Structure formats: C-alpha cells, structure tokens
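S.K.: Shown below is the structure under consideration.
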Amino acid sequence: KIDYSKPGNYRNWVDPAKLDLTCKDPFQIGLIGSGYFIGFAVSALFVPVLADKYGRKHLYLACYLLQLACYILIFFSRKIEITIFAYIVVGICASGRISIGTMYLNEFLPLKYQPIVTTFINIGDASIMILQCLYYLIISNNWLYLHLIGIISAALLIYPLWKIPESPKYLYATK
C-alpha cells in the first residue's frame, strides 16, 4: 500500500483505485487533458452565437449545471473513456462559462467599471492555476480534496445564478 502522506507519492489517476493509467495508451492519457481544450475550441464557434440569439442567463446557467454534472462524473469515473468525454463537455461548458459569464456580468455594470471588473475576472481565473500548484506543494498530494472544493463551490453558485435576471442590455437589444 502506498503512503500518500509522503512527499512525491501523489494520489492521482494512475492509482488503481481511480483510472489505473499505468498501462493505458499514452494517446488516451493525453486526451484527458486535451479533451478540455478540444471542447473549449469547438464551443467557441457556437456558444457566443447562441448567447446572442437566446440570451445570457439560461445558457450560462445551463453551462454551469452541465459542467458541475461532468465534474461529479469525473469524480466518480473509473473508466478513461468516460473521463475523456466528461472533460470534452467541461471544455464546451467552460467556453460558455467564461465568454458568457464575463459578458453577462459586464452588462449589469456601467461602462466605466467594465474594464476593471474584466481584469479582476481574468486575474481570478489565472490565479486558479497558481492556487492548484500551491495546493499540491503545501497542502496535500491528493487530488480528491481539491476536486471536492471545486464541486462544492460550483454547487453553491447555482442558486444565486438561478435568481439573477436576464441581462437588461440583452433584453433591450432584442426588444
């Protein structure tokens, strides 16, 4: 049995209790991370168009709900194919969450505050990678807790997102 509390012993997806990636095809292993970017790139072609056509609120909320469902699926997945599929869907939803979310928030703000708010959104988004590195360096070698933090925080945001109205600027633009 591996002692995961020792430095260098990471509890990750190579672990037989998760995806057991030790003997998997390197192409499949690479698709786990690439799936996110494939989904993001593909959805960048149509998600913003859908937001302009059908509104920000419902599409943004749908992206958030679907992304949360996929993160839960990834959490419990023991098959690499399911994990790859879930990451592609997470990438599709991330494009919607990032592009629609920033636009949606800015449409509630006066023009003079939009650049600073967008800057802080981008700083927060970029800080996630730094915080993940610090988590693995300082707090724990186990992916489980970090993933649980993501699932719980996303779940807590669903209700407020449900209550926020459609963007007044979108409603005005579409009459």
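Residue numbering restarts at 1 for every chain of the structure tokens, chains are lettered A, B, ... in their displayed order, and ligands are numbered from 1 as they appear.
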Can you tell me which residues surround Gly101 of chain A at a distance of at most 12 Å, considering only C-alpha atoms, apart from same-chain residues fewer than 6 positions away, and format the answer as a PyMOL selection string?
M.R.: chain A and resi 47-48+51+55-64+93-95+107-108+117-118+121-122+161+166-167
S.K.: Go ahead and dump the residues you just picked, N, CA and C atoms, as a CSV table (one decimal), in the first residue's frame.
M.R.:
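The result, written out as result-v8.csv:
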chain,number,residue,atom,x,y,z
A,47,VAL,N,-21.1,28.8,-29.1
A,47,VAL,CA,-21.7,29.2,-27.8
A,47,VAL,C,-22.0,30.7,-27.7
A,48,PRO,N,-21.0,31.6,-28.1
A,48,PRO,CA,-21.4,33.0,-28.0
A,48,PRO,C,-22.5,33.4,-29.0
A,51,ALA,N,-25.7,32.6,-27.2
A,51,ALA,CA,-25.9,33.6,-26.2
A,51,ALA,C,-26.5,34.9,-26.8
A,55,GLY,N,-30.1,34.5,-25.3
A,55,GLY,CA,-29.9,35.2,-24.0
A,55,GLY,C,-28.8,34.6,-23.2
A,56,ARG,N,-28.3,35.4,-22.3
A,56,ARG,CA,-27.2,35.0,-21.5
A,56,ARG,C,-27.5,34.1,-20.3
A,57,LYS,N,-28.6,34.5,-19.6
A,57,LYS,CA,-28.9,33.8,-18.3
A,57,LYS,C,-29.0,32.3,-18.5
A,58,HIS,N,-29.9,31.9,-19.3
A,58,HIS,CA,-30.2,30.4,-19.4
A,58,HIS,C,-29.1,29.6,-20.0
A,59,LEU,N,-28.4,30.1,-20.9
A,59,LEU,CA,-27.2,29.4,-21.5
A,59,LEU,C,-26.1,29.4,-20.5
A,60,TYR,N,-25.9,30.5,-19.8
A,60,TYR,CA,-24.8,30.5,-18.7
A,60,TYR,C,-25.1,29.5,-17.6
A,61,LEU,N,-26.4,29.5,-17.2
A,61,LEU,CA,-26.8,28.6,-16.1
A,61,LEU,C,-26.7,27.1,-16.6
A,62,ALA,N,-27.1,26.9,-17.9
A,62,ALA,CA,-27.0,25.5,-18.4
A,62,ALA,C,-25.6,25.1,-18.5
A,63,CYS,N,-24.7,25.9,-18.9
A,63,CYS,CA,-23.2,25.6,-18.9
A,63,CYS,C,-22.7,25.3,-17.5
A,64,TYR,N,-23.1,26.0,-16.6
A,64,TYR,CA,-22.7,25.8,-15.2
A,64,TYR,C,-23.2,24.5,-14.7
A,93,CYS,N,-18.5,23.6,-21.9
A,93,CYS,CA,-19.2,24.5,-20.9
A,93,CYS,C,-18.3,25.6,-20.4
A,94,ALA,N,-17.0,25.3,-20.3
A,94,ALA,CA,-16.0,26.4,-19.8
A,94,ALA,C,-16.0,27.5,-20.8
A,95,SER,N,-16.1,27.3,-22.0
A,95,SER,CA,-16.2,28.3,-23.0
A,95,SER,C,-17.4,29.2,-22.8
A,107,GLU,N,-22.7,43.4,-18.6
A,107,GLU,CA,-24.0,44.0,-19.0
A,107,GLU,C,-24.8,44.5,-17.8
A,108,PHE,N,-24.4,44.2,-16.6
A,108,PHE,CA,-25.1,44.8,-15.4
A,108,PHE,C,-24.3,46.0,-14.9
A,117,VAL,N,-13.5,45.3,-13.8
A,117,VAL,CA,-14.1,44.0,-13.4
A,117,VAL,C,-13.6,42.9,-14.3
A,118,THR,N,-13.5,43.1,-15.6
A,118,THR,CA,-13.0,42.1,-16.5
A,118,THR,C,-11.5,41.7,-16.2
A,121,ILE,N,-11.7,39.5,-13.2
A,121,ILE,CA,-12.1,38.2,-13.6
A,121,ILE,C,-11.0,37.4,-14.1
A,122,ASN,N,-10.2,38.0,-15.0
A,122,ASN,CA,-9.1,37.3,-15.6
A,122,ASN,C,-8.0,37.0,-14.6
A,161,LEU,N,-27.1,32.1,-9.2
A,161,LEU,CA,-27.2,32.3,-10.7
A,161,LEU,C,-28.6,32.1,-11.2
A,166,GLU,N,-32.3,38.0,-16.4
A,166,GLU,CA,-31.6,38.2,-17.7
A,166,GLU,C,-31.0,39.5,-17.8
A,167,SER,N,-30.0,39.7,-18.6
A,167,SER,CA,-29.3,40.9,-18.7
A,167,SER,C,-30.2,42.0,-19.3
S.K.: Using only C-alpha atoms, which residues sit within 8 Å of Phe85 of chain A once same-chain residues fewer than 4 positions away are excluded, as a list of chain:residue names?
M.R.: A:Gly35, A:Glu81, A:Val89
S.K.: Report the residues of segment 39-152 of chain A whose backbone DSSP state falls under alpha helix (DSSP H), written as a PyMOL selection string.
M.R.: chain A and resi 39-43+47-54+57-76+80-106+114-134+143-152
S.K.: Counting only C-alpha atoms, which residue out of A:Ala154, A:Ile164, A:Ile138, A:Ile80 sits closest to Ile29 of chain A?
M.R.: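 Result for the nearest residue to Ile29 of chain A: A:Ile80.
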S.K.: What is the atom CA of Ile74 of chain A to atom CA of Leu131 of chain A distance in Å?
M.R.: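 Going from atom CA of Ile74 of chain A over to atom CA of Leu131 of chain A covers 20.5 Å.
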S.K.: With distances taken over only C-alpha atoms, which of A:Leu148, A:Cys70, A:Leu111, A:Leu156 is nearest to Ile92 of chain A?
M.R.: A:Cys70
